[in-house]
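Colleague: Next up, data-v5.txt (compact mmCIF, C-alpha atoms and all ligand atoms).
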```txt
# COMPACT_ATOMS: atom_id res chain seq x y z
CA MET T 1 106.87 123.82 119.42
CA LYS T 2 105.10 124.15 116.10
CA VAL T 3 106.34 123.77 112.53
CA LEU T 4 106.14 127.55 112.14
CA ASP T 5 108.62 127.97 114.99
CA ILE T 6 111.31 125.76 113.47
CA LEU T 7 110.84 127.48 110.12
CA ASP T 8 112.01 130.71 111.76
CA LYS T 9 114.56 129.32 114.16
CA LEU T 10 116.33 127.08 111.64
CA GLY T 11 116.05 129.47 108.71
CA LEU T 12 114.16 126.98 106.56
CA GLU T 13 112.30 127.78 103.38
CA LEU T 14 108.64 126.78 103.17
CA VAL T 15 107.99 125.00 99.89
CA SER T 16 104.44 123.70 100.31
CA GLY T 17 101.80 122.67 102.79
CA LYS T 18 101.36 126.06 104.47
CA SER T 19 98.11 124.95 106.09
CA GLY T 20 100.11 122.56 108.28
CA LEU T 21 102.39 125.18 109.86
CA ASP T 22 100.56 124.97 113.16
CA ARG T 23 101.22 121.24 113.50
CA GLU T 24 102.78 120.36 116.84
CA ILE T 25 106.29 118.85 116.79
CA THR T 26 107.17 116.00 119.14
CA GLY T 27 110.66 115.20 117.84
CA GLY T 28 112.64 114.38 114.73
CA TYR T 29 113.48 111.38 112.58
CA VAL T 30 116.37 111.21 110.11
CA SER T 31 116.36 108.56 107.38
CA ASP T 32 116.29 108.06 103.64
CA LEU T 33 114.97 104.51 103.87
CA LEU T 34 111.20 104.58 103.57
CA SER T 35 110.56 101.32 105.41
CA ASP T 36 112.69 102.58 108.28
CA VAL T 37 110.53 105.68 108.57
CA MET T 38 107.38 103.62 108.13
CA GLY T 39 108.42 101.23 110.89
CA ASN T 40 110.14 103.52 113.37
CA SER T 41 109.00 107.12 113.11
CA LYS T 42 106.43 108.46 115.55
CA GLU T 43 103.48 110.79 115.18
CA GLY T 44 104.45 114.47 115.30
CA GLN T 45 108.08 114.00 114.30
CA VAL T 46 109.81 116.12 111.69
CA TRP T 47 111.34 113.91 109.00
CA VAL T 48 114.74 114.98 107.64
CA THR T 49 115.51 113.36 104.27
CA LEU T 50 116.98 113.78 100.81
CA GLN T 51 114.18 111.83 99.10
CA THR T 52 112.14 114.15 96.88
CA HIS T 53 109.39 111.94 95.41
CA LYS T 54 105.73 111.81 96.35
CA ASN T 55 105.92 108.58 98.34
CA VAL T 56 107.57 110.70 101.03
CA MET T 57 104.28 112.53 101.50
CA ALA T 58 102.26 109.32 101.50
CA ILE T 59 104.39 108.08 104.38
CA ALA T 60 104.45 111.43 106.22
CA SER T 61 100.69 111.55 106.04
CA LEU T 62 100.08 107.89 106.98
CA LYS T 63 102.39 108.29 109.98
CA ASP T 64 100.98 111.71 110.99
CA LEU T 65 104.43 113.31 110.86
CA ALA T 66 104.57 117.06 111.51
CA ALA T 67 106.65 118.10 108.48
CA VAL T 68 109.39 117.05 106.06
CA ILE T 69 112.73 118.85 105.80
CA LEU T 70 114.63 118.36 102.53
CA VAL T 71 118.39 118.78 102.85
CA ASN T 72 121.26 119.77 100.51
CA GLY T 73 119.09 122.39 98.78
CA PHE T 74 116.93 119.68 97.21
CA LYS T 75 113.49 120.55 95.87
CA PRO T 76 110.47 118.25 95.98
CA ASP T 77 109.16 116.78 92.73
CA ASP T 78 105.99 118.57 91.58
CA ASP T 79 103.72 115.74 92.65
CA MET T 80 105.36 115.64 96.08
CA ALA T 81 104.70 119.36 96.57
CA LYS T 82 101.15 118.90 95.34
CA GLN T 83 100.46 116.10 97.79
CA SER T 84 102.00 118.14 100.61
CA GLU T 85 99.45 120.88 99.83
CA GLU T 86 96.58 118.42 99.69
CA GLU T 87 97.48 116.70 102.95
CA GLY T 88 98.53 119.87 104.76
CA VAL T 89 101.91 118.41 105.70
CA PRO T 90 104.56 121.10 105.15
CA VAL T 91 107.69 120.52 103.08
CA LEU T 92 110.57 122.71 104.22
CA ARG T 93 114.00 122.96 102.65
CA THR T 94 117.50 123.92 103.64
CA LYS T 95 120.86 124.22 101.89
CA GLU T 96 122.48 122.54 104.85
CA ARG T 97 123.54 118.89 105.03
CA THR T 98 121.68 116.32 107.06
CA TYR T 99 124.28 116.36 109.86
CA GLU T 100 124.06 120.11 110.42
CA ILE T 101 120.30 120.48 110.23
CA ALA T 102 119.64 117.39 112.33
CA GLY T 103 122.04 118.71 114.98
CA LYS T 104 120.30 122.06 115.09
CA LEU T 105 116.88 120.47 115.21
CA TYR T 106 118.00 118.25 118.06
CA GLU T 107 119.33 121.22 120.04
CA LEU T 108 116.12 123.11 119.47
CA LEU T 109 113.81 120.31 120.53
CA LYS T 110 115.72 118.83 123.44
CA MET F 111 82.46 96.07 106.14
CA HIS F 112 84.15 94.92 102.98
CA PHE F 113 86.50 96.80 100.66
CA GLU F 114 88.63 95.85 97.68
CA PHE F 115 91.42 97.71 95.93
CA ASP F 116 93.46 96.79 92.87
CA ILE F 117 97.21 97.38 92.82
CA GLU F 118 99.15 97.96 89.64
CA ALA F 119 102.72 96.73 89.76
CA GLY F 120 105.52 99.08 88.82
CA ASP F 121 103.51 102.23 89.49
CA PHE F 122 105.03 103.79 92.61
CA SER F 123 102.94 106.95 92.29
CA LYS F 124 99.89 105.07 93.56
CA VAL F 125 101.50 103.18 96.43
CA GLY F 126 99.68 103.88 99.65
CA TYR F 127 96.25 104.43 98.16
CA ALA F 128 94.66 101.42 99.86
CA SER F 129 96.43 102.19 103.16
CA SER F 130 95.29 105.79 103.20
CA GLN F 131 91.71 104.76 102.42
CA LEU F 132 91.90 102.20 105.22
CA LYS F 133 93.22 104.85 107.60
CA LYS F 134 90.30 107.17 106.82
CA ILE F 135 87.73 104.41 107.23
CA MET F 136 89.27 103.15 110.49
CA LYS F 137 89.52 106.64 111.96
CA GLN F 138 85.80 107.08 111.47
CA LEU F 139 85.07 103.69 112.96
CA VAL F 140 87.36 103.59 115.97
CA GLY F 141 89.00 107.03 116.19
CA ASP F 142 92.62 107.45 117.22
CA HIS F 143 93.19 103.80 118.08
CA LYS F 144 96.76 102.44 118.22
CA ILE F 145 95.69 99.59 115.96
CA VAL F 146 94.95 102.01 113.13
CA LYS F 147 98.57 103.19 113.08
CA ARG F 148 99.88 99.64 113.09
CA VAL F 149 97.64 98.16 110.49
CA VAL F 150 98.28 101.06 108.14
CA VAL F 151 102.04 100.40 108.34
CA ALA F 152 101.47 96.75 107.52
CA LEU F 153 99.18 97.40 104.55
CA TYR F 154 101.50 100.07 103.16
CA GLU F 155 104.42 97.64 103.13
CA ALA F 156 102.27 94.97 101.49
CA GLU F 157 101.26 97.44 98.79
CA VAL F 158 104.91 98.38 98.21
CA ASN F 159 105.83 94.73 97.78
CA VAL F 160 103.21 94.16 95.10
CA VAL F 161 104.36 97.25 93.22
CA ALA F 162 108.07 96.46 93.65
CA HIS F 163 108.11 92.70 93.26
CA ALA F 164 104.92 91.40 91.59
CA TYR F 165 102.85 92.00 88.44
CA SER F 166 99.44 92.92 89.82
CA GLY F 167 97.57 92.53 93.06
CA LYS F 168 94.38 92.89 94.99
CA VAL F 169 93.74 94.11 98.51
CA ILE F 170 90.69 92.69 100.27
CA ILE F 171 89.72 94.23 103.59
CA ASP F 172 87.11 92.95 106.02
CA ILE F 173 86.39 94.97 109.12
CA ASN F 174 84.41 93.28 111.85
CA THR F 175 83.63 94.46 115.35
CA ASP F 176 86.42 92.42 116.89
CA LYS F 177 89.09 92.36 114.21
CA ILE F 178 90.26 93.57 110.87
CA GLU F 179 91.40 91.05 108.30
CA ILE F 180 93.34 92.05 105.20
CA LYS F 181 94.30 89.83 102.31
CA VAL F 182 96.83 90.96 99.74
CA ASN F 183 96.97 88.57 96.80
CA ASP F 184 99.28 89.06 93.88
CA LYS F 185 100.18 87.52 90.59
CA GLY F 186 103.92 87.52 90.41
CA PRO F 187 107.18 85.60 90.64
CA GLY F 188 106.42 84.35 94.14
CA ILE F 189 108.95 83.96 96.94
CA PRO F 190 111.22 80.88 96.71
CA ASP F 191 112.44 81.04 100.32
CA ILE F 192 110.02 82.77 102.67
CA GLN F 193 112.23 82.36 105.73
CA LEU F 194 115.04 84.17 103.94
CA ALA F 195 112.69 86.88 102.65
CA MET F 196 111.45 87.49 106.20
CA GLN F 197 114.98 88.26 107.41
CA GLU F 198 115.49 91.95 107.99
CA GLY F 199 117.86 93.39 105.40
CA TYR F 200 117.25 90.73 102.74
CA SER F 201 116.04 92.31 99.52
CA THR F 202 116.01 91.57 95.81
CA ALA F 203 114.73 95.06 94.96
CA SER F 204 116.14 96.67 91.82
CA GLU F 205 118.67 99.48 91.93
CA GLN F 206 115.98 101.92 90.81
CA VAL F 207 113.66 100.87 93.62
CA ARG F 208 116.50 101.20 96.15
CA GLU F 209 117.36 104.69 95.01
CA MET F 210 113.84 105.76 95.91
CA GLY F 211 114.49 104.54 99.43
CA PHE F 212 112.44 101.37 99.08
CA GLY F 213 114.11 97.99 99.17
CA ALA F 214 115.71 98.12 102.61
CA GLY F 215 114.51 94.60 103.26
CA MET F 216 112.42 95.72 106.23
CA GLY F 217 108.98 95.44 104.68
CA LEU F 218 107.95 91.94 105.72
CA ALA F 219 109.39 92.52 109.19
CA ASN F 220 107.36 95.72 109.48
CA ILE F 221 104.25 93.79 108.52
CA LYS F 222 104.91 91.08 111.09
CA ASN F 223 105.71 93.57 113.86
CA ASN F 224 102.57 95.56 113.29
CA THR F 225 99.94 92.84 113.20
CA ASP F 226 98.55 90.28 115.60
CA GLU F 227 98.57 87.49 113.03
CA PHE F 228 100.46 87.33 109.77
CA TYR F 229 100.38 84.49 107.25
CA ILE F 230 102.25 84.34 103.99
CA LYS F 231 101.81 81.81 101.23
CA SER F 232 103.69 81.86 97.99
CA GLU F 233 104.08 79.77 94.89
CA VAL F 234 107.02 80.39 92.61
CA GLY F 235 105.87 81.54 89.19
CA VAL F 236 102.30 82.08 90.38
CA GLY F 237 102.10 84.63 93.14
CA THR F 238 102.03 85.51 96.81
CA SER F 239 99.17 85.83 99.31
CA LEU F 240 99.39 87.64 102.62
CA THR F 241 96.83 87.51 105.38
CA ILE F 242 97.09 90.21 108.00
CA ILE F 243 94.92 90.21 111.09
CA ALA F 244 94.69 92.92 113.71
CA ASN F 245 92.51 92.60 116.78
CA LEU F 246 90.35 95.58 117.56
CA ILE F 247 89.50 94.37 121.01
CA THR F 248 92.47 94.01 123.32
CA GLU F 249 92.07 92.62 126.75
N1 LIG H 1 104.77 90.09 96.85
C1 LIG H 1 106.00 89.61 96.61
N2 LIG H 1 106.28 88.95 95.47
C2 LIG H 1 107.53 88.47 95.23
N3 LIG H 1 108.56 88.63 96.07
C3 LIG H 1 108.36 89.28 97.23
C4 LIG H 1 107.07 89.81 97.56
N4 LIG H 1 107.16 90.40 98.77
C5 LIG H 1 108.42 90.24 99.18
N5 LIG H 1 109.16 89.57 98.26
C6 LIG H 1 110.58 89.16 98.38
O1 LIG H 1 110.98 89.29 99.72
C7 LIG H 1 112.04 90.23 99.86
C8 LIG H 1 111.94 90.95 101.16
O2 LIG H 1 110.76 91.75 101.20
P1 LIG H 1 110.71 93.01 102.16
O3 LIG H 1 111.03 92.59 103.54
O4 LIG H 1 109.41 93.71 101.94
O5 LIG H 1 111.92 93.91 101.66
P2 LIG H 1 112.06 94.79 100.33
O6 LIG H 1 110.71 94.91 99.70
O7 LIG H 1 112.58 96.06 100.85
O8 LIG H 1 113.03 94.07 99.45
C9 LIG H 1 111.93 91.09 98.62
O9 LIG H 1 113.12 91.72 98.27
C10 LIG H 1 111.49 90.06 97.57
O10 LIG H 1 112.58 89.29 97.14
MG MG H 2 109.10 95.53 100.79
```
I need this file expressed as C-alpha cells, please.
Ligand SMILES: Nc1ncnc2c1ncn2[C@@H]1O[C@H](COP(=O)(O)OP(=O)(O)O)[C@@H](O)[C@H]1O
Ligand SMILES: [Mg+2]
Modeller:
Amino acid sequence: MKVLDILDKLGLELVSGKSGLDREITGGYVSDLLSDVMGNSKEGQVWVTLQTHKNVMAIASLKDLAAVILVNGFKPDDDMAKQSEEEGVPVLRTKERTYEIAGKLYELLK
Amino acid sequence: MHFEFDIEAGDFSKVGYASSQLKKIMKQLVGDHKIVKRVVVALYEAEVNVVAHAYSGKVIIDINTDKIEIKVNDKGPGIPDIQLAMQEGYSTASEQVREMGFGAGMGLANIKNNTDEFYIKSEVGVGTSLTIIANLITE
C-alpha cells in the first residue's frame, strides 16, 4: 500500500510533500516522544503524532518513514511543511483523535 | 574522510543537520547498510543533547574503511552522575523541551543501543564528550 492509498481510504487531507505520495507503507508508529520514534520506528512506517514542529520532519526523513499523520485537526508549522516539501515526505492531517485514526490505519494495514 | 560540524545550543530548528549530512555521505559510501540507520540515530540524539543541555558543541566525524568514529564535544554544565543519566527515563530537560517531545530520557540509551562502542566523559561546569564507534565490517 502506498501513501496515496491511505489518503483516500482514511479521508486524510494532504498538507505537503506531494512528491512522496508513492512511498510504500510497511506499517504505522504512534508516538509524540521524539526519542521513542527515533529509537523504535522502522523504515516505511506512517507516523501518527500531534507534534507540529519541523523536528518531526528531520526524524521522519532520517528514519525513512513513509509519511506523517497529524491528528486532532492540527496543522504543521510553516517550517515543518516546508521541510516536508523539500524531503518529499508527505504530511497528512485528520480531524480525528489518535485512537480513532490509529485504529483505522491498523485495520487497513493488517 | 573527516568532517566537522558546529552545534549551537538552544536552537532546535537546526537539530539533525550533522546527522542528515552523515546519512547522505554514508549512503554514497556504503549504500543501504544497516549501520547507516543506527549511527544516524545515535548522532541525532547526541546533537539533541547538546542543543537541549549544553551551551555549544562540535561534531567530529572520521570515516575509515573498517569503522566510523564520531566525537561530540560540548561546552556545558556537564553530567554529575553519568550512571543516573544513562538510565532510561531520567531527564532534566526543561518543560519547554518536553512539550516539543524531546526530553523523554531515552537519548543516551538510544545512542548506546545503536553503536558498537560508546564512551562518555563529563566534567561538571566544563562540558561533555561522547565517542561513538560503529563498525562497518561485521563478521
Ligand atoms: N551533553 C550534555 N550535557 C549536559 N547534560 C547532559 C548532556 N547529555 C545528557 N545530559 C543529561 O543526561 C540526561 C539524560 O539524557 P538523555 O538520555 O539524552 O535524555 P533527555 O535528553 O531526553 O533528557 C539529560 O536530561 C541531562 O540531564
Ligand atoms: Mg537527549
Colleague: Figure out the distance between CA of Val68 (chain T) and CA of Tyr99 (chain T), please, to one decimal in Å.
Modeller: 15.4 Å
Colleague: Give as a list in words every residue of chain F that touches chain T within 6 Å, counting all atoms listed in the file.
Modeller: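 Contact residues on the first chain: Gly211, Phe212, Met216 and Asn220 of chain F.
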Colleague: Have a look at F:Ser201, F:Asn183, F:Gln193, F:Asn223 and name the one nearest to ligand MG 2 (chain H); count all atoms listed in the file.
Modeller: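 Answer, going by the shortest atom-to-atom distance: F:Ser201.
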Colleague: Would you mind listing the residues within 8 Å of ligand MG 2 (chain H), counting only C-alpha atoms and all ligand atoms, as a list in words?
Modeller: Ser35 of chain T; Glu155, Ala156, Val158, Asn159, Ala162, Ser201, Phe212, Gly213, Ala214, Gly215, Met216, Gly217 and Leu218 of chain F
Colleague: Can you work out the spacing between atom N3 of ligand LIG 1 (chain H) and CA of Lys147 (chain F) in Å, to one decimal?
Modeller: 24.5 Å
Colleague: Find the residues around Val161 (chain F) up to 7 Å (all atoms listed in the file counted), leave out those fewer than 6 positions away in its own chain, and share them as an MDAnalysis selection string.
Modeller: chainID F and resid 118:122
Colleague: One number please: atom O1 of ligand LIG 1 (chain H) to CA of Lys124 (chain F), in Å, one decimal.
Modeller: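 Pair atom O1 of ligand LIG 1 (chain H) / CA of Lys124 (chain F) returns 20.2 Å.
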Colleague: When distances are computed from all atoms listed in the file, which of F:Leu132, F:Val151, F:Ala203, F:Leu246 shows the smallest separation from ligand LIG 1 (chain H)?
Modeller: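 Checking each of F:Leu132, F:Val151, F:Ala203, F:Leu246 against ligand LIG 1 (chain H), counting all atoms listed in the file, the winner is F:Ala203.
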Colleague: Out of T:Asp77, T:Glu107, T:Val71, T:Gly88, which residue has the shortest atom-to-atom distance to Leu12 (chain T) when counting all atoms listed in the file?
Modeller: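 Between T:Asp77, T:Glu107, T:Val71, T:Gly88, the residue approaching Leu12 (chain T) most closely is T:Val71.
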Colleague: Find the residues around Arg23 (chain T) up to 8 Å (only C-alpha atoms counted), leave out those fewer than 4 positions away in its own chain, and share them as a PyMOL selection string.
Modeller: chain T and resi 2-3+44+66
Colleague: Can you work out which one of F:His112, F:His163, F:Lys185, F:Lys168 has the shortest atom-to-atom distance to ligand LIG 1 (chain H), counting all atoms listed in the file?
Modeller: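 Distance minimum relative to ligand LIG 1 (chain H) lands on F:His163.
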Colleague: Between F:Ile170, F:Met210, F:Ile243, F:Val160, which one has atoms that come closest to ligand LIG 1 (chain H), using all atoms listed in the file?
Modeller: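 Between F:Ile170, F:Met210, F:Ile243, F:Val160, the residue approaching ligand LIG 1 (chain H) most closely is F:Val160.
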Colleague: Box time for region 43-59 of chain T: axis-aligned, enclosing all its listed atoms, 8 Å extra on each side; report centre and edge lengths in Å to one decimal, as AutoDock Vina command-line options.
Modeller:
```
--center_x 109.6 --center_y 112.1 --center_z 105.4 --size_x 30.7 --size_y 24.0 --size_z 35.9
```
Colleague: Please determine, counting only C-alpha atoms and all ligand atoms, which residue among F:Gln138, F:Thr238, F:Gln131, F:Asn224 has the shortest atom-to-atom distance to ligand LIG 1 (chain H).
Modeller: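 Result for the nearest residue to ligand LIG 1 (chain H): F:Thr238.
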Colleague: Counting all atoms listed in the file, find residues at most 6 Å from (96.4, 95.6, 95.9) (file frame) and give them as a list in words.
Modeller: Phe115, Asp116, Ile117, Glu157, Gly167, Lys168 and Val169 of chain F
Colleague: What's around Ala102 (chain T) at 12 Å? Count all atoms listed in the file, leave out sequence neighbours fewer than 6 positions away in its own chain, and write the answer as a PyMOL selection string.
Modeller: chain T and resi 6+10+27-31+46-49+69-71+94+96+108-110
